[in-house]
Amino acid sequence: MKINPDERMSMGTSYKKRGVDYELLADRFTLPTEYYQSEAIYQQEIAKIFHQSWLMACREEEIPNPGDYITVPVGDESILLVRDTEGNIRAHFNVCRHRGTRLCSMEKGSFRSHEIQCPYHAWRYHLNGNLKAAPMMKELAGFRNEDYPLFSAHVGLWGGFVFINLAEEPTPFEEDLRPLLGKFQAWHLPELRIAHKIEYSLNCNWKLIIQNYQECYHCPGVHPLLSKWTPFRGAVHDCFEGSVIGGYMEYAEKGGGMTMDGKPASVPVCDVSGPDLQKVHYYSIYPNLLLSPHPDFVLYHRIRSLAIDKIKNDCFFLLHPDVISDKSRMERFQSAIEFWDMTNRQDWHVCEQMQLGLRSRRFKRGPYSGQEDILHSIDKEVLKALGHSPPEKFSPKS
Ligand code: FES
Ligand SMILES: [Fe+2]
């Protein structure tokens with residue numbers, strides 16, 4: 001027996017009332033603890049998920065001019081994301097074709113001479129990755145610069161976000177992120193700019209953050225203020241599986257806002273009207289972007305997994321440039337920053353506590369509640385990517 005998608009639309013409505021199959025829900029347990037503790041499984045995740053999926057690397061505005069770059073760690077790889085002289089964004093593996101030295105050790109910067117020079121024997125590359133010069137290598141019979149361009153990764157652009165994919169033959173960007181591509185056009189995302197960034201370093205596994213983001217079972221206890229502004233029983237999912245999962249919550253009061261006083265943080269940033277002005281959207285774009293368009297701003301988190309129990313999870317606020325340049329509006333906007341910083345830290349605390357608890361020798365798995373149905377889909381995505389079979393049927397007495 002299956003849950004009808006219509007029945008799953010509301011996370012908050014009682015499953016019993018809606019006649020949903022309890023037997024199926026009762027078989028939904030968390031992933032076994034080794035998925036959060038085993039270094040071997042984590043290395044499989046790096047190889048089969050992070051090295052194969054479309055990852056959100058940055059906003060286009062972070063590398064605005066030719067020569068501007070950022071480096072993006074992906075497991076033990078490093079990707080050099082650079083804007084070339086034609087204005088295109090290129091993703092190169094950050095490794096020299098001579099003897100494999102890492103080319104660039106900085107997090108961000110600009111190649112002012114419009115070339116990338118290896119720090120070891122000074123091979124020089126064009127911004128597009130082609131080898132420009134290799135000292136004395138011409139003396140070698142048969143050596144040709146064109147045989148040694150930098151290795152490239154794939155680039156996908158959407159809404160001002162830059163995605164990369166390290167696979168040699170990835171699933172096409174448009175195919176993988178299809179549910180996302182038509183969404184949120186009313187926000188004019190490419191026109192928005194970063195108004196504020198908060199950097200967080202967390203001691204937990206990357207999956208716990210995505211799971212935390214997609215359920216509001218925890219909201220009444222963990223986020224009293226968020227629950228007041230957007231009651232958790234109003235949470236609705238409209239994307240249930242695949243790379244894009246999520247839905248929205250509705251304000252308790254007409255014209256609400258995710259701020260310390262529950263009023264809007266700014267003028268609407270989007271063209272939506274009517275009931276849509278009452279919605280705050282929460283989507284996880286698997287495996288490293290959490291995207292939350294609000295009527296008055298866009299919030300997103302970029303997750304970088306650094307170790308099995310360590311992530312960098314940076315939180316960004318996007319606004320229209322006219323709002324960013326208006327001092328009084330930005331003063332008011334501080335209330336949204338304060339609200340989300342407080343809410344984020346409430347989440348981070350429980351996720352870090354969960355990472356610690358999952359070390360227990362006694363705990364194996366636990367049952368998902370009806371409000372956590374969607375987490376089962378996220379777990380299935382992980383198992384599918386790893387090529388693992390579903391774990392054996394679990395009994396709390398086993
Ligand atoms: S390793 Fe890069 S030039 Fe030698
Ligand atoms: Fe939360």
# chains A, B, ... in the order shown; residues from 1 in each chain; ligands from 1
call {"tool": "residues_around", "arguments": {"residues": "Asn145 of chain A", "least_positions_apart": "6", "cutoff": "8 Å", "atoms": "only C-alpha atoms", "output": "ChimeraX atom specification"}}
result
/A:130-134
call {"tool": "write_last_selection", "arguments": {"atoms": "all heavy atoms", "output": "JSON list (two decimals), in the first residue's frame"}}
result
[["chain", "number", "residue", "atom", "x", "y", "z"],
["A", 130, "ASN", "N", 43.79, 26.50, -20.67],
["A", 130, "ASN", "CA", 44.82, 26.07, -21.62],
["A", 130, "ASN", "C", 46.21, 26.41, -21.11],
["A", 130, "ASN", "O", 46.42, 27.48, -20.53],
["A", 130, "ASN", "CB", 44.60, 26.75, -22.98],
["A", 130, "ASN", "CG", 43.34, 26.22, -23.65],
["A", 130, "ASN", "OD1", 42.89, 25.12, -23.35],
["A", 130, "ASN", "ND2", 42.78, 27.00, -24.55],
["A", 131, "LEU", "N", 47.15, 25.51, -21.37],
["A", 131, "LEU", "CA", 48.53, 25.78, -20.96],
["A", 131, "LEU", "C", 49.12, 26.84, -21.88],
["A", 131, "LEU", "O", 49.08, 26.73, -23.10],
["A", 131, "LEU", "CB", 49.36, 24.48, -21.05],
["A", 131, "LEU", "CG", 50.82, 24.59, -20.65],
["A", 131, "LEU", "CD1", 50.99, 25.04, -19.20],
["A", 131, "LEU", "CD2", 51.53, 23.23, -20.86],
["A", 132, "LYS", "N", 49.65, 27.89, -21.23],
["A", 132, "LYS", "CA", 50.19, 29.02, -21.99],
["A", 132, "LYS", "C", 51.69, 28.88, -22.18],
["A", 132, "LYS", "O", 52.21, 29.07, -23.27],
["A", 132, "LYS", "CB", 49.88, 30.30, -21.21],
["A", 132, "LYS", "CG", 50.26, 31.60, -21.85],
["A", 132, "LYS", "CD", 49.80, 32.74, -20.94],
["A", 132, "LYS", "CE", 50.07, 34.09, -21.55],
["A", 132, "LYS", "NZ", 49.70, 35.17, -20.62],
["A", 133, "ALA", "N", 52.38, 28.52, -21.12],
["A", 133, "ALA", "CA", 53.84, 28.40, -21.20],
["A", 133, "ALA", "C", 54.35, 27.42, -20.16],
["A", 133, "ALA", "O", 53.86, 27.41, -19.03],
["A", 133, "ALA", "CB", 54.48, 29.77, -20.97],
["A", 134, "ALA", "N", 55.34, 26.61, -20.56],
["A", 134, "ALA", "CA", 55.96, 25.66, -19.64],
["A", 134, "ALA", "C", 57.46, 25.77, -19.84],
["A", 134, "ALA", "O", 58.00, 25.32, -20.85],
["A", 134, "ALA", "CB", 55.49, 24.24, -19.95]]
call {"tool": "closest_atom_pairs", "arguments": {"of": "chain A", "to": "ligand 2", "cutoff": "12 Å", "atoms": "only C-alpha atoms and all ligand atoms", "output": "JSON lines"}}
result
{"residue": "A:Leu208", "atom": "CA", "partner": "ligand 2", "partner_atom_place_in_ligand_line": "1 (Fe)", "distance": 11.1}
{"residue": "A:Ile209", "atom": "CA", "partner": "ligand 2", "partner_atom_place_in_ligand_line": "1 (Fe)", "distance": 9.1}
{"residue": "A:Ile210", "atom": "CA", "partner": "ligand 2", "partner_atom_place_in_ligand_line": "1 (Fe)", "distance": 10.2}
{"residue": "A:Gln211", "atom": "CA", "partner": "ligand 2", "partner_atom_place_in_ligand_line": "1 (Fe)", "distance": 9.6}
{"residue": "A:Asn212", "atom": "CA", "partner": "ligand 2", "partner_atom_place_in_ligand_line": "1 (Fe)", "distance": 5.9}
{"residue": "A:Tyr213", "atom": "CA", "partner": "ligand 2", "partner_atom_place_in_ligand_line": "1 (Fe)", "distance": 5.9}
{"residue": "A:Gln214", "atom": "CA", "partner": "ligand 2", "partner_atom_place_in_ligand_line": "1 (Fe)", "distance": 8.4}
{"residue": "A:Glu215", "atom": "CA", "partner": "ligand 2", "partner_atom_place_in_ligand_line": "1 (Fe)", "distance": 7.6}
{"residue": "A:Cys216", "atom": "CA", "partner": "ligand 2", "partner_atom_place_in_ligand_line": "1 (Fe)", "distance": 6.6}
{"residue": "A:Tyr217", "atom": "CA", "partner": "ligand 2", "partner_atom_place_in_ligand_line": "1 (Fe)", "distance": 8.8}
{"residue": "A:His218", "atom": "CA", "partner": "ligand 2", "partner_atom_place_in_ligand_line": "1 (Fe)", "distance": 6.5}
{"residue": "A:Cys219", "atom": "CA", "partner": "ligand 2", "partner_atom_place_in_ligand_line": "1 (Fe)", "distance": 5.8}
{"residue": "A:Pro220", "atom": "CA", "partner": "ligand 2", "partner_atom_place_in_ligand_line": "1 (Fe)", "distance": 9.4}
{"residue": "A:Gly221", "atom": "CA", "partner": "ligand 2", "partner_atom_place_in_ligand_line": "1 (Fe)", "distance": 9.6}
{"residue": "A:Val222", "atom": "CA", "partner": "ligand 2", "partner_atom_place_in_ligand_line": "1 (Fe)", "distance": 6.8}
{"residue": "A:His223", "atom": "CA", "partner": "ligand 2", "partner_atom_place_in_ligand_line": "1 (Fe)", "distance": 6.6}
{"residue": "A:Pro224", "atom": "CA", "partner": "ligand 2", "partner_atom_place_in_ligand_line": "1 (Fe)", "distance": 10.3}
{"residue": "A:Leu225", "atom": "CA", "partner": "ligand 2", "partner_atom_place_in_ligand_line": "1 (Fe)", "distance": 11.1}
{"residue": "A:Leu226", "atom": "CA", "partner": "ligand 2", "partner_atom_place_in_ligand_line": "1 (Fe)", "distance": 8.6}
{"residue": "A:Ser227", "atom": "CA", "partner": "ligand 2", "partner_atom_place_in_ligand_line": "1 (Fe)", "distance": 9.7}
{"residue": "A:Thr230", "atom": "CA", "partner": "ligand 2", "partner_atom_place_in_ligand_line": "1 (Fe)", "distance": 11.9}
{"residue": "A:Phe232", "atom": "CA", "partner": "ligand 2", "partner_atom_place_in_ligand_line": "1 (Fe)", "distance": 10.4}
{"residue": "A:Tyr282", "atom": "CA", "partner": "ligand 2", "partner_atom_place_in_ligand_line": "1 (Fe)", "distance": 11.0}
{"residue": "A:Trp340", "atom": "CA", "partner": "ligand 2", "partner_atom_place_in_ligand_line": "1 (Fe)", "distance": 10.1}
{"residue": "A:Asp341", "atom": "CA", "partner": "ligand 2", "partner_atom_place_in_ligand_line": "1 (Fe)", "distance": 11.4}
{"residue": "A:Met342", "atom": "CA", "partner": "ligand 2", "partner_atom_place_in_ligand_line": "1 (Fe)", "distance": 10.4}
{"residue": "A:Thr343", "atom": "CA", "partner": "ligand 2", "partner_atom_place_in_ligand_line": "1 (Fe)", "distance": 6.7}
{"residue": "A:Asn344", "atom": "CA", "partner": "ligand 2", "partner_atom_place_in_ligand_line": "1 (Fe)", "distance": 7.0}
{"residue": "A:Arg345", "atom": "CA", "partner": "ligand 2", "partner_atom_place_in_ligand_line": "1 (Fe)", "distance": 8.9}
{"residue": "A:Gln346", "atom": "CA", "partner": "ligand 2", "partner_atom_place_in_ligand_line": "1 (Fe)", "distance": 6.9}
{"residue": "A:Asp347", "atom": "CA", "partner": "ligand 2", "partner_atom_place_in_ligand_line": "1 (Fe)", "distance": 4.8}
{"residue": "A:Trp348", "atom": "CA", "partner": "ligand 2", "partner_atom_place_in_ligand_line": "1 (Fe)", "distance": 8.3}
{"residue": "A:His349", "atom": "CA", "partner": "ligand 2", "partner_atom_place_in_ligand_line": "1 (Fe)", "distance": 10.0}
{"residue": "A:Val350", "atom": "CA", "partner": "ligand 2", "partner_atom_place_in_ligand_line": "1 (Fe)", "distance": 8.8}
{"residue": "A:Cys351", "atom": "CA", "partner": "ligand 2", "partner_atom_place_in_ligand_line": "1 (Fe)", "distance": 9.4}
call {"tool": "residues_around", "arguments": {"residues": "Leu290 of chain A", "least_positions_apart": "5", "cutoff": "9 Å", "atoms": "only C-alpha atoms", "output": "PyMOL selection string"}}
result
chain A and resi 210+213+282-285+299-303
call {"tool": "residues_near_ligand", "arguments": {"ligand": "ligand 1", "cutoff": "8 Å", "atoms": "only C-alpha atoms and all ligand atoms", "output": "PDB file with N, CA, C and O atoms, in the first residue's frame"}}
result
ATOM      1  N   VAL A  95      44.948  21.625  -9.839  1.00  0.00           N
ATOM      2  CA  VAL A  95      46.134  20.773  -9.838  1.00  0.00           C
ATOM      3  C   VAL A  95      46.916  20.976 -11.142  1.00  0.00           C
ATOM      4  O   VAL A  95      46.344  21.004 -12.234  1.00  0.00           O
ATOM      5  N   CYS A  96      48.215  21.179 -10.976  1.00  0.00           N
ATOM      6  CA  CYS A  96      49.073  21.447 -12.129  1.00  0.00           C
ATOM      7  C   CYS A  96      49.299  20.171 -12.942  1.00  0.00           C
ATOM      8  O   CYS A  96      49.454  19.079 -12.385  1.00  0.00           O
ATOM      9  N   ARG A  97      49.325  20.316 -14.280  1.00  0.00           N
ATOM     10  CA  ARG A  97      49.495  19.161 -15.153  1.00  0.00           C
ATOM     11  C   ARG A  97      50.960  18.693 -15.228  1.00  0.00           C
ATOM     12  O   ARG A  97      51.255  17.680 -15.834  1.00  0.00           O
ATOM     13  N   HIS A  98      51.880  19.454 -14.604  1.00  0.00           N
ATOM     14  CA  HIS A  98      53.272  19.021 -14.640  1.00  0.00           C
ATOM     15  C   HIS A  98      53.498  17.880 -13.648  1.00  0.00           C
ATOM     16  O   HIS A  98      53.571  16.720 -14.038  1.00  0.00           O
ATOM     17  N   ARG A  99      53.546  18.218 -12.360  1.00  0.00           N
ATOM     18  CA  ARG A  99      53.764  17.148 -11.392  1.00  0.00           C
ATOM     19  C   ARG A  99      52.700  17.123 -10.300  1.00  0.00           C
ATOM     20  O   ARG A  99      52.910  16.566  -9.228  1.00  0.00           O
ATOM     21  N   GLY A 100      51.576  17.772 -10.615  1.00  0.00           N
ATOM     22  CA  GLY A 100      50.421  17.605  -9.722  1.00  0.00           C
ATOM     23  C   GLY A 100      50.360  18.525  -8.524  1.00  0.00           C
ATOM     24  O   GLY A 100      49.620  18.246  -7.573  1.00  0.00           O
ATOM     25  N   THR A 101      51.111  19.614  -8.541  1.00  0.00           N
ATOM     26  CA  THR A 101      51.064  20.542  -7.405  1.00  0.00           C
ATOM     27  C   THR A 101      49.727  21.282  -7.375  1.00  0.00           C
ATOM     28  O   THR A 101      49.184  21.626  -8.437  1.00  0.00           O
ATOM     29  N   ARG A 102      49.206  21.515  -6.169  1.00  0.00           N
ATOM     30  CA  ARG A 102      48.009  22.354  -6.054  1.00  0.00           C
ATOM     31  C   ARG A 102      48.393  23.766  -6.499  1.00  0.00           C
ATOM     32  O   ARG A 102      49.389  24.330  -6.050  1.00  0.00           O
ATOM     33  N   LEU A 103      47.595  24.338  -7.380  1.00  0.00           N
ATOM     34  CA  LEU A 103      47.957  25.609  -8.000  1.00  0.00           C
ATOM     35  C   LEU A 103      47.726  26.803  -7.083  1.00  0.00           C
ATOM     36  O   LEU A 103      48.533  27.718  -7.006  1.00  0.00           O
ATOM     37  N   GLN A 117      49.518  30.689 -12.438  1.00  0.00           N
ATOM     38  CA  GLN A 117      50.899  30.183 -12.459  1.00  0.00           C
ATOM     39  C   GLN A 117      51.116  29.185 -11.333  1.00  0.00           C
ATOM     40  O   GLN A 117      50.787  29.445 -10.177  1.00  0.00           O
ATOM     41  N   CYS A 118      51.679  28.044 -11.683  1.00  0.00           N
ATOM     42  CA  CYS A 118      51.973  27.044 -10.672  1.00  0.00           C
ATOM     43  C   CYS A 118      53.129  27.540  -9.791  1.00  0.00           C
ATOM     44  O   CYS A 118      54.131  28.055 -10.289  1.00  0.00           O
ATOM     45  N   PRO A 119      52.997  27.368  -8.460  1.00  0.00           N
ATOM     46  CA  PRO A 119      54.047  27.891  -7.570  1.00  0.00           C
ATOM     47  C   PRO A 119      55.345  27.078  -7.608  1.00  0.00           C
ATOM     48  O   PRO A 119      56.354  27.504  -7.054  1.00  0.00           O
ATOM     49  N   TYR A 120      55.323  25.900  -8.283  1.00  0.00           N
ATOM     50  CA  TYR A 120      56.507  25.027  -8.204  1.00  0.00           C
ATOM     51  C   TYR A 120      57.498  25.330  -9.340  1.00  0.00           C
ATOM     52  O   TYR A 120      58.555  25.934  -9.118  1.00  0.00           O
ATOM     53  N   HIS A 121      57.175  24.976 -10.583  1.00  0.00           N
ATOM     54  CA  HIS A 121      58.119  25.198 -11.679  1.00  0.00           C
ATOM     55  C   HIS A 121      57.600  26.205 -12.688  1.00  0.00           C
ATOM     56  O   HIS A 121      58.067  26.268 -13.827  1.00  0.00           O
ATOM     57  N   ALA A 122      56.582  26.959 -12.264  1.00  0.00           N
ATOM     58  CA  ALA A 122      56.083  28.124 -13.008  1.00  0.00           C
ATOM     59  C   ALA A 122      55.437  27.812 -14.356  1.00  0.00           C
ATOM     60  O   ALA A 122      55.511  28.629 -15.273  1.00  0.00           O
ATOM     61  N   TRP A 123      54.806  26.662 -14.498  1.00  0.00           N
ATOM     62  CA  TRP A 123      53.951  26.487 -15.679  1.00  0.00           C
ATOM     63  C   TRP A 123      52.825  27.519 -15.553  1.00  0.00           C
ATOM     64  O   TRP A 123      52.302  27.757 -14.449  1.00  0.00           O
ATOM     65  N   ARG A 124      52.451  28.086 -16.695  1.00  0.00           N
ATOM     66  CA  ARG A 124      51.430  29.139 -16.663  1.00  0.00           C
ATOM     67  C   ARG A 124      50.250  28.742 -17.552  1.00  0.00           C
ATOM     68  O   ARG A 124      50.440  28.260 -18.672  1.00  0.00           O
ATOM     69  N   ALA A 134      55.345  26.614 -20.556  1.00  0.00           N
ATOM     70  CA  ALA A 134      55.963  25.659 -19.637  1.00  0.00           C
ATOM     71  C   ALA A 134      57.462  25.773 -19.835  1.00  0.00           C
ATOM     72  O   ALA A 134      57.998  25.316 -20.851  1.00  0.00           O
TER      73      ALA A 134
END
call {"tool": "select_by_dssp", "arguments": {"residues": "segment 71-312 of chain A", "states": "alpha helix (DSSP H)", "output": "PDB file with C-alpha atoms, in the first residue's frame"}}
result
ATOM      1  CA  PHE A 173      22.278  19.971 -15.025  1.00  0.00           C
ATOM      2  CA  GLU A 174      18.834  20.715 -16.513  1.00  0.00           C
ATOM      3  CA  GLU A 175      17.748  17.132 -15.961  1.00  0.00           C
ATOM      4  CA  ASP A 176      19.018  16.794 -12.420  1.00  0.00           C
ATOM      5  CA  ARG A 178      14.497  20.161 -13.357  1.00  0.00           C
ATOM      6  CA  PRO A 179      12.039  20.766 -10.465  1.00  0.00           C
ATOM      7  CA  LEU A 180      14.045  23.839  -9.490  1.00  0.00           C
ATOM      8  CA  LEU A 181      14.543  25.468 -12.873  1.00  0.00           C
ATOM      9  CA  TRP A 206      26.138  16.926   6.524  1.00  0.00           C
ATOM     10  CA  LYS A 207      22.997  14.754   6.333  1.00  0.00           C
ATOM     11  CA  LEU A 208      21.808  15.846   9.757  1.00  0.00           C
ATOM     12  CA  ILE A 209      21.573  19.454   8.588  1.00  0.00           C
ATOM     13  CA  ILE A 210      19.488  18.581   5.536  1.00  0.00           C
ATOM     14  CA  GLN A 211      17.226  16.363   7.621  1.00  0.00           C
ATOM     15  CA  ASN A 212      16.860  19.081  10.231  1.00  0.00           C
ATOM     16  CA  TYR A 213      15.954  21.606   7.537  1.00  0.00           C
ATOM     17  CA  CYS A 219      10.005  23.426  15.726  1.00  0.00           C
ATOM     18  CA  PRO A 220       7.681  23.889  18.723  1.00  0.00           C
ATOM     19  CA  GLY A 221      10.387  22.901  21.207  1.00  0.00           C
ATOM     20  CA  VAL A 222      13.514  24.172  19.472  1.00  0.00           C
ATOM     21  CA  PRO A 224       9.468  28.963  19.956  1.00  0.00           C
ATOM     22  CA  LEU A 225       9.579  32.226  17.980  1.00  0.00           C
ATOM     23  CA  LEU A 226       9.654  30.632  14.520  1.00  0.00           C
ATOM     24  CA  SER A 227       6.728  28.434  15.549  1.00  0.00           C
ATOM     25  CA  LYS A 228       4.816  31.520  16.625  1.00  0.00           C
ATOM     26  CA  TRP A 229       5.316  33.258  13.255  1.00  0.00           C
TER      27      TRP A 229
END
call {"tool": "residues_around", "arguments": {"residues": "Glu169 of chain A", "least_positions_apart": "4", "cutoff": "10 Å", "atoms": "only C-alpha atoms", "output": "MDAnalysis selection string"}}
result
chainID A and resid 52 153:154 165
call {"tool": "write_last_selection", "arguments": {"atoms": "all heavy atoms", "output": "compact mmCIF listing (two decimals), in the first residue's frame"}}
result
# COMPACT_ATOMS: atom_id res chain seq x y z
N GLN A 52 29.93 13.34 -7.67
CA GLN A 52 29.05 12.99 -8.79
C GLN A 52 27.86 13.93 -8.93
O GLN A 52 27.16 13.88 -9.94
CB GLN A 52 28.50 11.55 -8.61
CG GLN A 52 29.54 10.46 -8.50
CD GLN A 52 30.26 10.17 -9.80
OE1 GLN A 52 29.68 10.32 -10.87
NE2 GLN A 52 31.52 9.78 -9.72
N ALA A 153 36.05 20.78 -14.57
CA ALA A 153 34.80 20.26 -14.00
C ALA A 153 33.67 20.98 -14.72
O ALA A 153 33.89 21.99 -15.38
CB ALA A 153 34.76 20.52 -12.51
N HIS A 154 32.45 20.45 -14.59
CA HIS A 154 31.30 21.03 -15.30
C HIS A 154 30.70 22.18 -14.48
O HIS A 154 30.75 22.17 -13.25
CB HIS A 154 30.25 19.96 -15.54
CG HIS A 154 30.76 18.85 -16.41
ND1 HIS A 154 30.58 18.84 -17.78
CD2 HIS A 154 31.48 17.74 -16.11
CE1 HIS A 154 31.16 17.75 -18.27
NE2 HIS A 154 31.71 17.07 -17.28
N ASN A 165 30.09 20.29 -11.09
CA ASN A 165 29.98 18.83 -10.99
C ASN A 165 31.32 18.24 -11.41
O ASN A 165 31.85 18.54 -12.49
CB ASN A 165 28.85 18.32 -11.90
CG ASN A 165 28.50 16.88 -11.59
OD1 ASN A 165 29.37 16.03 -11.49
ND2 ASN A 165 27.21 16.61 -11.43
call {"tool": "closest_residue", "arguments": {"among": "A:Glu392, A:Asp238, A:Glu77, A:Glu168", "to": "Ser152 of chain A", "atoms": "only C-alpha atoms"}}
result
A:Glu168
call {"tool": "closest_residue", "arguments": {"among": "A:Met330, A:Val280, A:Leu31, A:Met136", "to": "Lys380 of chain A", "atoms": "only C-alpha atoms"}}
result
A:Leu31
call {"tool": "residues_around", "arguments": {"residues": "Asp271 of chain A", "least_positions_apart": "4", "cutoff": "10 Å", "atoms": "only C-alpha atoms", "output": "VMD selection string"}}
result
chain A and resid 184 to 188 276 to 277 295
call {"tool": "residues_around", "arguments": {"residues": "segment 41-44 of chain A", "least_positions_apart": "6", "cutoff": "10 Å", "atoms": "only C-alpha atoms", "output": "PyMOL selection string"}}
result
chain A and resi 34-35+50-51+75+205+307-309+385-387
call {"tool": "write_last_selection", "arguments": {"atoms": "C-alpha atoms", "output": "PDB file, in the first residue's frame"}}
result
ATOM      1  CA  GLU A  34      27.171   3.829  10.763  1.00  0.00           C
ATOM      2  CA  TYR A  35      25.887   6.309   8.152  1.00  0.00           C
ATOM      3  CA  PHE A  50      29.920  14.839  -3.679  1.00  0.00           C
ATOM      4  CA  HIS A  51      32.077  13.879  -6.657  1.00  0.00           C
ATOM      5  CA  GLY A  75      36.395  16.013  -0.199  1.00  0.00           C
ATOM      6  CA  ASN A 205      27.446  15.133   9.634  1.00  0.00           C
ATOM      7  CA  ALA A 307      34.828  15.490   7.518  1.00  0.00           C
ATOM      8  CA  ILE A 308      32.329  12.894   8.646  1.00  0.00           C
ATOM      9  CA  ASP A 309      31.418  15.106  11.608  1.00  0.00           C
ATOM     10  CA  ALA A 385      23.575   7.107  -4.677  1.00  0.00           C
ATOM     11  CA  LEU A 386      25.762   4.766  -2.622  1.00  0.00           C
ATOM     12  CA  GLY A 387      24.283   1.677  -4.285  1.00  0.00           C
TER      13      GLY A 387
END
call {"tool": "select_by_dssp", "arguments": {"residues": "segment 237-334 of chain A", "states": "strand (DSSP E or B)", "output": "JSON, numbers by chain"}}
result
{"A": [237, 238, 239, 244, 245, 246, 247, 248, 249, 250, 279, 280, 281, 282, 283, 284, 285, 289, 290, 291, 292, 293, 298, 299, 300, 301, 302, 303, 304, 305, 306, 307, 310, 311, 312, 313, 314, 315, 316, 317, 318, 319]}
call {"tool": "atom_distance", "arguments": {"atom1": "atom CA of Val162 of chain A", "atom2": "atom CA of Lys327 of chain A"}}
result
28.8 Å
call {"tool": "residues_around", "arguments": {"residues": "Leu319 of chain A", "least_positions_apart": "4", "cutoff": "9 Å", "atoms": "only C-alpha atoms", "output": "list in words"}}
result
Glu191, Leu192, Arg193, Ile194, Ala195, Ser266, Val269, Asp296, Phe297, Val298, Val323 and Ile324 of chain A
call {"tool": "closest_residue", "arguments": {"among": "A:Ser395, A:Thr71, A:Asn288, A:Asn128", "to": "Leu55 of chain A", "atoms": "only C-alpha atoms"}}
result
A:Asn288
